[in-house]
file protein_12.txt (compact mmCIF, C-alpha atoms)
# COMPACT_ATOMS: atom_id res chain seq x y z
CA MET A 884 -23.23 -21.69 105.24
CA ALA A 885 -24.70 -23.27 108.41
CA ARG A 886 -23.90 -26.86 109.15
CA PRO A 887 -26.83 -29.21 109.60
CA LEU A 888 -27.71 -30.20 113.05
CA PRO A 889 -26.77 -33.74 114.03
CA ASN A 890 -30.37 -34.93 114.07
CA GLN A 891 -31.15 -33.48 110.60
CA THR A 892 -30.78 -35.44 107.34
CA VAL A 893 -29.76 -34.11 103.95
CA ALA A 894 -32.22 -34.87 101.15
CA ARG A 895 -30.31 -36.75 98.40
CA THR A 896 -31.46 -36.46 94.83
CA SER A 897 -31.41 -39.55 92.56
CA ALA A 898 -29.81 -39.73 89.16
CA THR A 899 -33.23 -39.48 87.52
CA SER A 900 -34.56 -36.61 89.56
CA LEU A 901 -34.83 -33.10 88.14
CA ARG A 902 -32.03 -30.81 89.31
CA HIS A 903 -31.30 -27.14 88.90
CA PHE A 904 -28.30 -26.65 86.60
CA PRO A 905 -27.28 -23.40 84.97
CA GLY A 906 -29.24 -22.88 81.76
CA HIS A 907 -32.13 -25.14 82.76
CA SER A 908 -35.46 -24.06 84.12
CA LYS A 909 -36.38 -24.71 87.65
CA PRO A 910 -38.55 -27.77 88.26
CA SER A 911 -42.27 -27.14 88.25
CA LEU A 912 -44.26 -27.34 91.37
CA PRO A 913 -46.68 -30.27 91.63
CA LEU A 914 -50.06 -29.69 89.98
CA SER A 915 -53.13 -29.50 92.10
CA ALA A 916 -55.92 -32.10 91.71
CA PRO A 917 -58.29 -29.76 89.79
CA ALA A 918 -55.53 -28.91 87.33
CA LEU A 919 -54.82 -32.58 86.73
CA ARG A 920 -58.48 -33.25 86.01
CA LYS A 921 -58.61 -30.38 83.52
CA ALA A 922 -55.49 -31.65 81.71
CA ALA A 923 -56.85 -35.20 81.50
CA ALA A 924 -60.14 -33.95 80.09
CA ALA A 925 -58.30 -31.94 77.43
CA LEU A 926 -56.25 -34.98 76.39
CA LEU A 927 -59.34 -37.20 76.12
CA LEU A 928 -61.09 -34.59 73.96
CA ALA A 929 -58.10 -34.35 71.61
CA ALA A 930 -57.92 -38.15 71.27
CA ALA A 931 -61.65 -38.40 70.56
CA VAL A 932 -61.29 -35.94 67.68
CA ALA A 933 -58.01 -37.28 66.22
CA LEU A 934 -58.81 -41.03 66.17
CA PRO A 935 -61.79 -40.96 63.72
CA CYS A 936 -59.84 -38.60 61.46
CA ALA A 937 -56.91 -41.04 61.35
CA VAL A 938 -59.21 -43.98 60.51
CA LEU A 939 -60.92 -42.09 57.68
CA TYR A 940 -57.58 -40.97 56.26
CA ARG A 941 -56.21 -44.52 56.25
CA ALA A 942 -59.32 -45.86 54.48
CA GLU A 943 -59.08 -43.20 51.78
CA VAL A 944 -55.39 -43.96 51.17
CA LEU A 945 -55.93 -47.73 50.94
CA ASP A 946 -58.84 -47.30 48.52
CA ALA A 947 -56.76 -45.05 46.33
CA VAL A 948 -53.86 -47.48 45.91
CA GLN A 949 -55.64 -50.86 45.85
CA PRO A 950 -53.39 -53.26 43.85
CA VAL A 951 -54.68 -55.07 40.76
CA GLN A 952 -54.60 -58.87 41.12
CA VAL A 953 -53.48 -61.02 38.23
CA GLY A 954 -54.63 -64.61 37.88
CA TRP A 955 -51.18 -66.19 38.14
CA ASP A 956 -49.93 -63.89 40.92
CA ARG A 957 -51.94 -65.28 43.82
CA GLY A 958 -52.25 -68.52 45.78
CA PRO A 959 -54.85 -71.20 44.98
CA TRP A 960 -58.26 -69.60 45.57
CA TRP A 961 -59.90 -72.73 46.87
CA GLU A 962 -57.46 -72.78 49.84
CA ARG A 963 -58.76 -69.37 50.87
CA GLY A 964 -62.33 -70.67 51.11
CA GLN A 965 -63.76 -68.09 48.74
CA PRO A 966 -64.10 -67.52 44.99
CA PRO A 967 -61.33 -65.52 43.35
CA PRO A 968 -61.89 -61.78 43.01
CA ALA A 969 -62.38 -60.47 39.52
CA VAL A 970 -59.62 -58.44 37.99
CA VAL A 971 -60.57 -54.87 37.13
CA VAL A 972 -59.09 -53.79 33.82
CA PRO A 973 -59.10 -50.03 33.13
CA GLU A 974 -61.36 -49.18 30.21
CA GLU A 975 -58.80 -46.86 28.69
CA ASP A 976 -56.45 -49.81 28.29
CA GLY A 977 -59.08 -52.02 26.68
CA ASP A 978 -57.43 -52.22 23.27
CA VAL A 979 -53.87 -52.63 24.52
CA ASP A 980 -52.43 -56.13 24.60
CA PRO A 981 -49.90 -56.28 27.45
CA ALA A 982 -48.66 -59.68 26.34
CA ALA A 983 -47.12 -58.06 23.27
CA ALA A 984 -44.59 -56.30 25.47
CA ASP A 985 -43.63 -59.36 27.51
CA ASP A 986 -40.56 -61.34 26.55
CA LEU A 987 -40.61 -65.10 26.09
CA ASP A 988 -38.92 -65.77 29.42
CA SER A 989 -41.63 -63.83 31.24
CA ASP A 990 -44.40 -65.72 29.41
CA ASP A 991 -42.75 -69.02 30.25
CA LEU A 992 -42.59 -68.14 33.95
CA LYS A 993 -46.24 -67.08 33.95
CA LEU A 994 -47.26 -70.31 32.24
CA GLU A 995 -45.31 -72.39 34.74
CA GLN A 996 -46.93 -70.58 37.64
CA VAL A 997 -50.51 -70.87 36.40
CA LEU A 998 -50.05 -74.57 35.58
CA GLN A 999 -48.58 -75.23 39.00
CA GLU A 1000 -51.44 -73.47 40.78
CA ALA A 1001 -54.18 -75.21 38.79
CA SER A 1002 -52.73 -78.72 38.66
CA MET A 1003 -53.97 -81.73 40.56
CA ASP A 1004 -51.64 -83.57 42.93
CA ASN A 1005 -50.45 -85.79 40.06
CA LYS A 1006 -49.64 -82.76 37.82
CA THR A 1007 -52.74 -83.14 35.67
CA ILE A 1008 -54.67 -80.12 34.40
CA ILE A 1009 -57.69 -79.38 32.21
CA LEU A 1010 -57.14 -77.03 29.26
CA THR A 1011 -59.35 -75.22 26.81
CA THR A 1012 -58.74 -72.38 24.36
CA LEU A 1013 -60.70 -69.19 23.81
CA ASN A 1014 -60.81 -66.27 21.40
CA ALA A 1015 -62.98 -63.16 21.42
CA ALA A 1016 -65.60 -64.69 19.13
CA TRP A 1017 -66.48 -67.32 21.76
CA ALA A 1018 -65.86 -65.12 24.81
CA SER A 1019 -68.79 -62.70 24.87
CA SER A 1020 -71.35 -62.90 27.67
CA GLY A 1021 -73.84 -65.73 27.08
CA SER A 1022 -71.66 -67.27 24.38
CA VAL A 1023 -69.78 -70.57 24.17
CA ILE A 1024 -67.45 -70.11 27.16
CA ASP A 1025 -70.35 -69.38 29.53
CA LEU A 1026 -72.17 -72.55 28.45
CA PHE A 1027 -68.94 -74.50 28.84
CA ILE A 1028 -68.38 -73.36 32.44
CA ASP A 1029 -72.07 -73.68 33.30
CA SER A 1030 -72.03 -77.35 32.28
CA PHE A 1031 -69.35 -78.06 34.92
CA ARG A 1032 -71.57 -76.50 37.57
CA ARG A 1033 -74.63 -78.49 36.51
CA GLY A 1034 -72.84 -81.80 35.99
CA VAL A 1035 -72.49 -84.72 38.37
CA ARG A 1036 -69.32 -84.24 40.49
CA THR A 1037 -67.80 -81.90 37.91
CA SER A 1038 -67.94 -78.50 39.63
CA SER A 1039 -64.77 -79.22 41.62
CA LEU A 1040 -62.90 -79.80 38.35
CA LEU A 1041 -63.15 -76.08 37.55
CA ARG A 1042 -60.34 -75.43 40.03
CA HIS A 1043 -58.03 -77.37 37.69
CA LEU A 1044 -59.16 -75.67 34.46
CA VAL A 1045 -56.79 -73.27 32.66
CA ILE A 1046 -58.25 -71.20 29.83
CA ILE A 1047 -55.71 -70.37 27.11
CA THR A 1048 -56.67 -67.14 25.34
CA PHE A 1049 -55.64 -66.16 21.84
CA ASP A 1050 -56.30 -62.42 22.13
CA TRP A 1051 -56.55 -59.62 24.69
CA LYS A 1052 -60.35 -59.33 24.63
CA ALA A 1053 -60.69 -63.03 25.38
CA TYR A 1054 -58.15 -62.68 28.19
CA LYS A 1055 -60.05 -59.79 29.78
CA ARG A 1056 -63.29 -61.77 29.66
CA CYS A 1057 -61.59 -64.86 31.06
CA MET A 1058 -60.23 -62.97 34.05
CA LYS A 1059 -63.74 -61.81 34.93
CA ILE A 1060 -65.26 -65.30 35.01
CA HIS A 1061 -62.47 -67.72 35.93
CA ALA A 1062 -59.46 -68.09 38.22
CA TYR A 1063 -56.78 -69.36 35.82
CA CYS A 1064 -56.16 -67.74 32.45
CA PHE A 1065 -53.07 -67.58 30.27
CA ALA A 1066 -52.57 -65.20 27.34
CA LEU A 1067 -50.88 -67.11 24.51
CA ALA A 1068 -48.80 -64.62 22.53
CA THR A 1069 -49.43 -64.68 18.79
CA GLU A 1070 -47.23 -62.63 16.47
CA ASN A 1071 -48.78 -60.82 13.51
CA VAL A 1072 -51.91 -63.03 13.60
CA ASP A 1073 -55.39 -61.90 14.65
CA PHE A 1074 -57.20 -64.82 16.29
CA SER A 1075 -59.96 -62.70 17.83
CA GLN A 1076 -62.59 -63.19 15.10
CA GLU A 1077 -64.64 -66.30 14.46
CA LYS A 1078 -62.59 -68.77 12.42
CA ARG A 1079 -64.75 -70.73 10.00
CA PHE A 1080 -63.95 -74.41 9.65
CA LEU A 1081 -60.88 -75.13 7.46
CA THR A 1082 -60.20 -71.48 6.60
CA ALA A 1083 -56.57 -70.32 6.77
CA GLY A 1084 -57.17 -68.57 10.10
CA TYR A 1085 -58.80 -71.69 11.52
CA LEU A 1086 -55.86 -73.88 10.49
CA ASP A 1087 -53.32 -71.45 11.97
CA MET A 1088 -55.20 -71.43 15.26
CA MET A 1089 -55.42 -75.24 15.43
CA TRP A 1090 -51.72 -75.73 14.78
CA LYS A 1091 -50.80 -72.98 17.26
CA ARG A 1092 -52.87 -74.82 19.85
CA LEU A 1093 -51.23 -78.15 19.12
CA ASP A 1094 -47.71 -76.76 19.49
CA PHE A 1095 -48.69 -75.19 22.80
CA LEU A 1096 -49.94 -78.54 24.09
CA ARG A 1097 -46.55 -80.03 23.27
CA LEU A 1098 -44.97 -77.35 25.46
CA VAL A 1099 -47.27 -78.27 28.36
CA LEU A 1100 -46.21 -81.92 28.06
CA GLU A 1101 -42.55 -80.92 28.07
CA LYS A 1102 -43.12 -79.09 31.35
CA GLY A 1103 -44.19 -82.40 32.87
CA TYR A 1104 -47.95 -81.82 33.00
CA SER A 1105 -50.50 -84.35 31.81
CA PHE A 1106 -53.75 -82.85 30.59
CA ILE A 1107 -57.28 -83.21 29.38
CA PHE A 1108 -57.77 -80.91 26.45
CA SER A 1109 -61.38 -79.96 25.76
CA ASP A 1110 -62.78 -77.67 23.11
CA ALA A 1111 -64.99 -74.99 24.67
CA ASP A 1112 -68.00 -76.22 22.64
CA ILE A 1113 -68.10 -79.40 24.76
CA THR A 1114 -70.49 -79.75 27.68
CA TRP A 1115 -69.25 -81.65 30.75
CA PHE A 1116 -71.86 -83.70 32.60
CA ARG A 1117 -69.81 -86.29 34.54
CA ASN A 1118 -66.25 -86.73 35.74
CA PRO A 1119 -64.41 -88.38 32.82
CA PHE A 1120 -61.42 -89.76 34.72
CA PRO A 1121 -63.01 -93.12 35.66
CA HIS A 1122 -63.45 -93.85 31.94
CA PHE A 1123 -59.85 -93.32 30.86
CA TYR A 1124 -57.61 -96.33 30.24
CA PRO A 1125 -54.76 -96.89 32.71
CA ASP A 1126 -52.35 -97.97 29.94
CA GLY A 1127 -53.01 -95.27 27.34
CA ASP A 1128 -50.47 -92.53 26.63
CA PHE A 1129 -52.76 -90.70 24.22
CA GLN A 1130 -56.55 -91.08 24.47
CA ILE A 1131 -58.85 -89.30 22.06
CA ALA A 1132 -62.59 -88.89 21.46
CA CYS A 1133 -64.23 -90.01 18.22
CA ASP A 1134 -66.59 -88.72 15.57
CA HIS A 1135 -67.33 -92.41 15.00
CA TYR A 1136 -66.44 -95.24 17.36
CA VAL A 1137 -66.28 -98.76 15.92
CA GLY A 1138 -66.49 -100.52 19.29
CA ASN A 1139 -62.82 -101.25 19.97
CA ALA A 1140 -60.54 -98.82 21.81
CA THR A 1141 -57.41 -99.87 19.91
CA ASP A 1142 -58.89 -100.11 16.41
CA LEU A 1143 -57.25 -97.54 14.13
CA GLY A 1144 -60.44 -97.54 12.07
CA ASN A 1145 -62.00 -95.25 14.69
CA ILE A 1146 -62.48 -91.72 13.32
CA ALA A 1147 -60.83 -89.49 15.90
CA ASN A 1148 -61.96 -86.04 16.98
CA GLY A 1149 -59.20 -83.75 18.23
CA GLY A 1150 -61.54 -81.64 20.36
CA PHE A 1151 -61.22 -83.89 23.40
CA ASN A 1152 -58.21 -85.91 24.49
CA TYR A 1153 -56.39 -87.08 27.58
CA VAL A 1154 -52.59 -87.19 27.31
CA ARG A 1155 -50.02 -88.37 29.83
CA SER A 1156 -46.74 -86.50 29.93
CA ASN A 1157 -43.93 -88.90 29.03
CA ASN A 1158 -41.24 -89.30 26.38
CA GLN A 1159 -43.62 -91.11 24.03
CA SER A 1160 -46.32 -88.43 24.08
CA ILE A 1161 -43.82 -85.57 23.75
CA GLU A 1162 -42.18 -87.18 20.74
CA PHE A 1163 -45.59 -87.89 19.23
CA TYR A 1164 -46.68 -84.25 19.50
CA LYS A 1165 -43.49 -83.15 17.78
CA PHE A 1166 -44.15 -85.67 15.00
CA TRP A 1167 -47.79 -84.62 14.74
CA TYR A 1168 -46.91 -80.92 14.49
CA SER A 1169 -44.19 -81.48 11.89
CA SER A 1170 -46.61 -83.58 9.80
CA ARG A 1171 -48.58 -80.46 8.93
CA LEU A 1172 -45.90 -79.83 6.29
CA ARG A 1173 -46.62 -83.21 4.69
CA TYR A 1174 -50.36 -82.47 4.55
CA PRO A 1175 -50.77 -78.75 3.78
CA GLY A 1176 -54.33 -77.43 3.98
CA TYR A 1177 -55.44 -80.01 6.57
CA HIS A 1178 -56.10 -79.34 10.22
CA ASP A 1179 -54.67 -81.27 13.15
CA GLN A 1180 -57.58 -83.74 13.40
CA ASP A 1181 -57.31 -84.77 9.75
CA VAL A 1182 -53.55 -85.09 10.00
CA PHE A 1183 -53.89 -87.31 13.06
CA ASN A 1184 -56.22 -89.62 11.17
CA PHE A 1185 -53.53 -89.81 8.47
CA ILE A 1186 -50.52 -90.42 10.69
CA LYS A 1187 -52.14 -92.85 13.15
CA HIS A 1188 -51.16 -95.63 10.71
CA ASP A 1189 -47.55 -94.46 10.43
CA PRO A 1190 -44.96 -97.02 11.64
CA TYR A 1191 -43.19 -94.27 13.53
CA ILE A 1192 -46.02 -94.34 16.11
CA THR A 1193 -45.14 -97.95 16.89
CA ASP A 1194 -41.41 -97.18 16.86
CA ILE A 1195 -41.69 -94.56 19.61
CA GLY A 1196 -43.90 -96.87 21.70
CA LEU A 1197 -46.95 -94.59 21.92
CA LYS A 1198 -50.10 -96.36 23.16
CA ILE A 1199 -53.21 -94.86 21.54
CA LYS A 1200 -56.70 -95.44 22.95
CA PHE A 1201 -59.95 -94.28 21.35
CA LEU A 1202 -62.72 -93.19 23.71
CA SER A 1203 -66.20 -94.62 23.30
CA THR A 1204 -69.03 -92.31 22.25
CA THR A 1205 -71.12 -94.00 24.95
CA TYR A 1206 -69.32 -91.73 27.39
CA PHE A 1207 -67.76 -89.09 25.14
CA GLY A 1208 -70.41 -88.26 22.56
CA GLY A 1209 -71.04 -85.53 20.08
CA ILE A 1210 -73.55 -84.41 17.50
CA CYS A 1211 -71.72 -86.57 14.94
CA GLU A 1212 -72.44 -89.62 17.08
CA PRO A 1213 -74.33 -88.82 20.32
CA SER A 1214 -74.13 -90.78 23.50
CA ARG A 1215 -77.39 -92.71 23.61
CA ASP A 1216 -77.69 -92.94 27.38
CA LEU A 1217 -77.93 -89.92 29.65
CA ASN A 1218 -77.21 -92.21 32.59
CA LYS A 1219 -73.67 -92.72 31.24
CA VAL A 1220 -72.70 -89.65 29.22
CA CYS A 1221 -69.69 -87.64 30.43
CA THR A 1222 -69.29 -85.08 27.65
CA MET A 1223 -71.22 -83.92 24.58
CA HIS A 1224 -69.47 -82.10 21.76
CA ALA A 1225 -71.14 -79.65 19.36
CA ASN A 1226 -69.21 -81.12 16.45
CA CYS A 1227 -70.55 -81.75 12.95
CA CYS A 1228 -72.20 -78.33 12.97
CA ILE A 1229 -70.51 -75.30 11.44
CA GLY A 1230 -70.76 -71.70 12.57
CA LEU A 1231 -71.05 -69.98 15.93
CA GLN A 1232 -74.83 -69.53 15.88
CA SER A 1233 -75.41 -73.18 15.01
CA LYS A 1234 -73.16 -74.28 17.85
CA LEU A 1235 -74.87 -71.96 20.34
CA HIS A 1236 -78.29 -73.28 19.35
CA ASP A 1237 -77.22 -76.91 19.70
CA LEU A 1238 -75.37 -76.36 22.99
CA ARG A 1239 -78.39 -74.62 24.53
CA VAL A 1240 -80.70 -77.44 23.54
CA ILE A 1241 -78.25 -80.02 24.91
CA MET A 1242 -78.13 -78.10 28.19
CA GLU A 1243 -81.93 -77.96 28.26
CA ASP A 1244 -82.10 -81.73 27.78
CA TRP A 1245 -79.63 -82.21 30.63
CA ARG A 1246 -81.59 -79.94 32.97
CA ASN A 1247 -84.74 -81.91 32.21
CA TYR A 1248 -82.90 -85.16 32.93
CA MET A 1249 -81.48 -83.87 36.22
CA SER A 1250 -84.96 -82.78 37.36
CA MET A 1251 -86.33 -86.32 36.97
CA PRO A 1252 -86.73 -88.48 40.08
CA PRO A 1253 -84.00 -91.14 40.52
CA SER A 1254 -86.48 -93.96 40.02
CA LEU A 1255 -87.22 -92.77 36.47
CA LYS A 1256 -83.54 -92.30 35.69
CA ARG A 1257 -82.83 -95.90 36.64
CA PHE A 1258 -85.78 -97.19 34.65
CA GLY A 1259 -83.98 -97.36 31.33
CA ALA A 1260 -81.59 -95.77 28.85
CA LEU A 1261 -82.57 -92.12 28.44
CA SER A 1262 -81.53 -90.20 25.35
CA TRP A 1263 -81.65 -86.65 24.12
CA GLY A 1264 -84.82 -84.76 23.20
CA GLY A 1265 -86.01 -84.03 19.68
CA LYS A 1266 -85.79 -80.23 19.50
CA ARG A 1267 -82.35 -79.99 17.96
CA GLY A 1268 -82.01 -78.36 14.58
CA TYR A 1269 -78.83 -80.12 13.49
CA TYR A 1270 -78.30 -83.13 11.26
CA ILE A 1271 -76.74 -86.23 12.79
CA ILE A 1272 -74.33 -87.81 10.31
CA ASN A 1273 -74.45 -91.59 10.09
CA PHE A 1274 -70.89 -92.97 10.16
CA ALA A 1275 -71.95 -96.62 10.38
CA ASN A 1276 -70.53 -97.57 6.96
CA PHE A 1277 -68.11 -94.72 6.49
CA ASP A 1278 -64.38 -94.37 7.04
CA ALA A 1279 -63.11 -91.19 5.42
CA PHE A 1280 -59.48 -92.27 5.68
CA SER A 1281 -59.60 -95.96 4.70
call {"tool": "encode", "arguments": {"input": "protein_12.txt", "output": "structure tokens"}}
result
Amino acid sequence: MARPLPNQTVARTSATSLRHFPGHSKPSLPLSAPALRKAAAALLLAAAVALPCAVLYRAEVLDAVQPVQVGWDRGPWWERGQPPPAVVVPEEDGDVDPAAADDLDSDDLKLEQVLQEASMDNKTIILTTLNAAWASSGSVIDLFIDSFRRGVRTSSLLRHLVIITFDWKAYKRCMKIHAYCFALATENVDFSQEKRFLTAGYLDMMWKRLDFLRLVLEKGYSFIFSDADITWFRNPFPHFYPDGDFQIACDHYVGNATDLGNIANGGFNYVRSNNQSIEFYKFWYSSRLRYPGYHDQDVFNFIKHDPYITDIGLKIKFLSTTYFGGICEPSRDLNKVCTMHANCCIGLQSKLHDLRVIMEDWRNYMSMPPSLKRFGALSWGGKRGYYIINFANFDAFS
């Protein structure tokens, strides 16, 4: 092999350069410019075809496996700046109650989560109950929610409302119209049908509700409980007493918030969570055995005189019908009314009629110019078909 001349240099290959080793192909010669242009064009054509196909494939896969959202398995919807998406329930599962398969621990965790998400900063929530009879489209629950939206500074309170459902059909309907729903498990009892006043099914449902409210208090949450046949027209919180543990609306208000002669109505109350209220709810629930055949409201009107109430230190306040009225005793001034209850009328159709007329009266009031509203005390119209009971000289439990 010839030696290199002194003025010649040996080309050194780097560690990353291609070299010819046995078993490897020889390095390719550099491509010409036309060949490079042809290769680049081929690559661009392949990318143009493959990219849209990949996008379409990804969209199809995501649509096919979209997860179902459950009301208590997501963050507060108002923080996301948009209303909560409705939950889609497969039609083939329409008659299956998933709560029946859940254990008590699972239900307790779900309850804790939904209460936490819906609560105000001071751990206060708004509760109502619902069964299938009141859950159909255009029925009681729709009028209830609509009243919040039409009231004065009440629409924001919907974010703190939890609807407690007694059956699977009511739960499905709730999840379509509201953010926070909880399915209350009931064993061997069908609460889906309309429960006529004071029937056995009605009494079972009322006592089930009362025991559930005791559980909410034990979890440390204060609450407003409102029947779904109550329309909300103004924020009630400014009219609650700062020193009341248990505050309840009245069928008849005698003019004094501490007078036990007031005839209470259990459909609307504000309760602070503390030792006194928890002990009171236990006492109230156990008193059903002393007064069989009576519902929770009647039993309260019996036990409110019991010395045990004083012994536990519970402070009871009765709410004036000026602000918290009902058909039994309506609020006489639309400039002051906070809630109106379709009490003292029996049957679903009667309640629906009265609630719709009350809502019509409120819409007419809200359409009036402010100068007319301030002119004087404005009351309800005269189209209602119910009878207003005069409690002026009546105390059913004296």
call {"tool": "closest_residue", "arguments": {"input": "protein_12.txt", "among": "A:Asn1139, A:Thr1222, A:Asn1145, A:Ser1233", "to": "Asp1110 of chain A", "atoms": "only C-alpha atoms"}}
result
A:Thr1222
call {"tool": "residues_around", "arguments": {"input": "protein_12.txt", "residues": "Tyr1063 of chain A", "least_positions_apart": "6", "cutoff": "9 Å", "atoms": "all atoms listed in the file", "output": "list in words"}}
result
Gly954, Trp955, Val997, Leu998, Glu1000, Ala1001, Arg1042, His1043, Leu1044, Val1045, Ile1046, Ile1047 and Cys1057 of chain A
call {"tool": "write_last_selection", "arguments": {"input": "protein_12.txt", "atoms": "C-alpha atoms", "output": "mmCIF file, in the frame of the given file"}}
result
data_model
loop_
_atom_site.group_PDB
_atom_site.id
_atom_site.type_symbol
_atom_site.label_atom_id
_atom_site.label_comp_id
_atom_site.auth_asym_id
_atom_site.auth_seq_id
_atom_site.Cartn_x
_atom_site.Cartn_y
_atom_site.Cartn_z
ATOM 1 C CA GLY A 954 -54.630 -64.610 37.880
ATOM 2 C CA TRP A 955 -51.180 -66.190 38.140
ATOM 3 C CA VAL A 997 -50.510 -70.870 36.400
ATOM 4 C CA LEU A 998 -50.050 -74.570 35.580
ATOM 5 C CA GLU A 1000 -51.440 -73.470 40.780
ATOM 6 C CA ALA A 1001 -54.180 -75.210 38.790
ATOM 7 C CA ARG A 1042 -60.340 -75.430 40.030
ATOM 8 C CA HIS A 1043 -58.030 -77.370 37.690
ATOM 9 C CA LEU A 1044 -59.160 -75.670 34.460
ATOM 10 C CA VAL A 1045 -56.790 -73.270 32.660
ATOM 11 C CA ILE A 1046 -58.250 -71.200 29.830
ATOM 12 C CA ILE A 1047 -55.710 -70.370 27.110
ATOM 13 C CA CYS A 1057 -61.590 -64.860 31.060
#
call {"tool": "atom_distance", "arguments": {"input": "protein_12.txt", "atom1": "atom CA of Leu1238 of chain A", "atom2": "atom CA of Gly1127 of chain A"}}
result
29.6 Å
call {"tool": "residues_around", "arguments": {"input": "protein_12.txt", "residues": "segment 1083-1094 of chain A", "least_positions_apart": "6", "cutoff": "8 Å", "atoms": "all atoms listed in the file", "output": "PyMOL selection string"}}
result
chain A and resi 1012+1074+1164-1165+1168+1176-1179
call {"tool": "residues_around", "arguments": {"input": "protein_12.txt", "residues": "segment 1194-1201 of chain A", "least_positions_apart": "3", "cutoff": "8 Å", "atoms": "only C-alpha atoms", "output": "mmCIF file with C-alpha atoms, in the coordinates of the input"}}
result
data_model
loop_
_atom_site.group_PDB
_atom_site.id
_atom_site.type_symbol
_atom_site.label_atom_id
_atom_site.label_comp_id
_atom_site.auth_asym_id
_atom_site.auth_seq_id
_atom_site.Cartn_x
_atom_site.Cartn_y
_atom_site.Cartn_z
ATOM 1 C CA TYR A 1124 -57.610 -96.330 30.240
ATOM 2 C CA ASP A 1126 -52.350 -97.970 29.940
ATOM 3 C CA GLY A 1127 -53.010 -95.270 27.340
ATOM 4 C CA ASP A 1128 -50.470 -92.530 26.630
ATOM 5 C CA PHE A 1129 -52.760 -90.700 24.220
ATOM 6 C CA GLN A 1130 -56.550 -91.080 24.470
ATOM 7 C CA ILE A 1131 -58.850 -89.300 22.060
ATOM 8 C CA ALA A 1132 -62.590 -88.890 21.460
ATOM 9 C CA CYS A 1133 -64.230 -90.010 18.220
ATOM 10 C CA TYR A 1136 -66.440 -95.240 17.360
ATOM 11 C CA ASN A 1139 -62.820 -101.250 19.970
ATOM 12 C CA ALA A 1140 -60.540 -98.820 21.810
ATOM 13 C CA THR A 1141 -57.410 -99.870 19.910
ATOM 14 C CA ASP A 1142 -58.890 -100.110 16.410
ATOM 15 C CA ASN A 1145 -62.000 -95.250 14.690
ATOM 16 C CA ALA A 1147 -60.830 -89.490 15.900
ATOM 17 C CA GLN A 1159 -43.620 -91.110 24.030
ATOM 18 C CA SER A 1160 -46.320 -88.430 24.080
ATOM 19 C CA GLU A 1162 -42.180 -87.180 20.740
ATOM 20 C CA PHE A 1163 -45.590 -87.890 19.230
ATOM 21 C CA PRO A 1190 -44.960 -97.020 11.640
ATOM 22 C CA TYR A 1191 -43.190 -94.270 13.530
#
call {"tool": "closest_residue", "arguments": {"input": "protein_12.txt", "among": "A:Ile1210, A:Ser1038, A:Thr1114, A:Phe1065", "to": "Gln996 of chain A", "atoms": "all atoms listed in the file"}}
result
A:Phe1065
call {"tool": "residues_near_point", "arguments": {"input": "protein_12.txt", "point": "(-69.9, -84.9, 31.5)", "cutoff": "10 Å", "atoms": "all atoms listed in the file", "output": "PyMOL selection string"}}
result
chain A and resi 1030-1031+1033-1037+1113-1119+1206-1208+1217+1219-1223
call {"tool": "closest_residue", "arguments": {"input": "protein_12.txt", "among": "A:Leu1010, A:Ala1053, A:Ala1016, A:Val1137", "to": "Ser1203 of chain A", "atoms": "all atoms listed in the file"}}
result
A:Val1137
call {"tool": "atom_distance", "arguments": {"input": "protein_12.txt", "atom1": "atom CA of Asp1189 of chain A", "atom2": "atom CA of Leu1096 of chain A"}}
result
21.1 Å
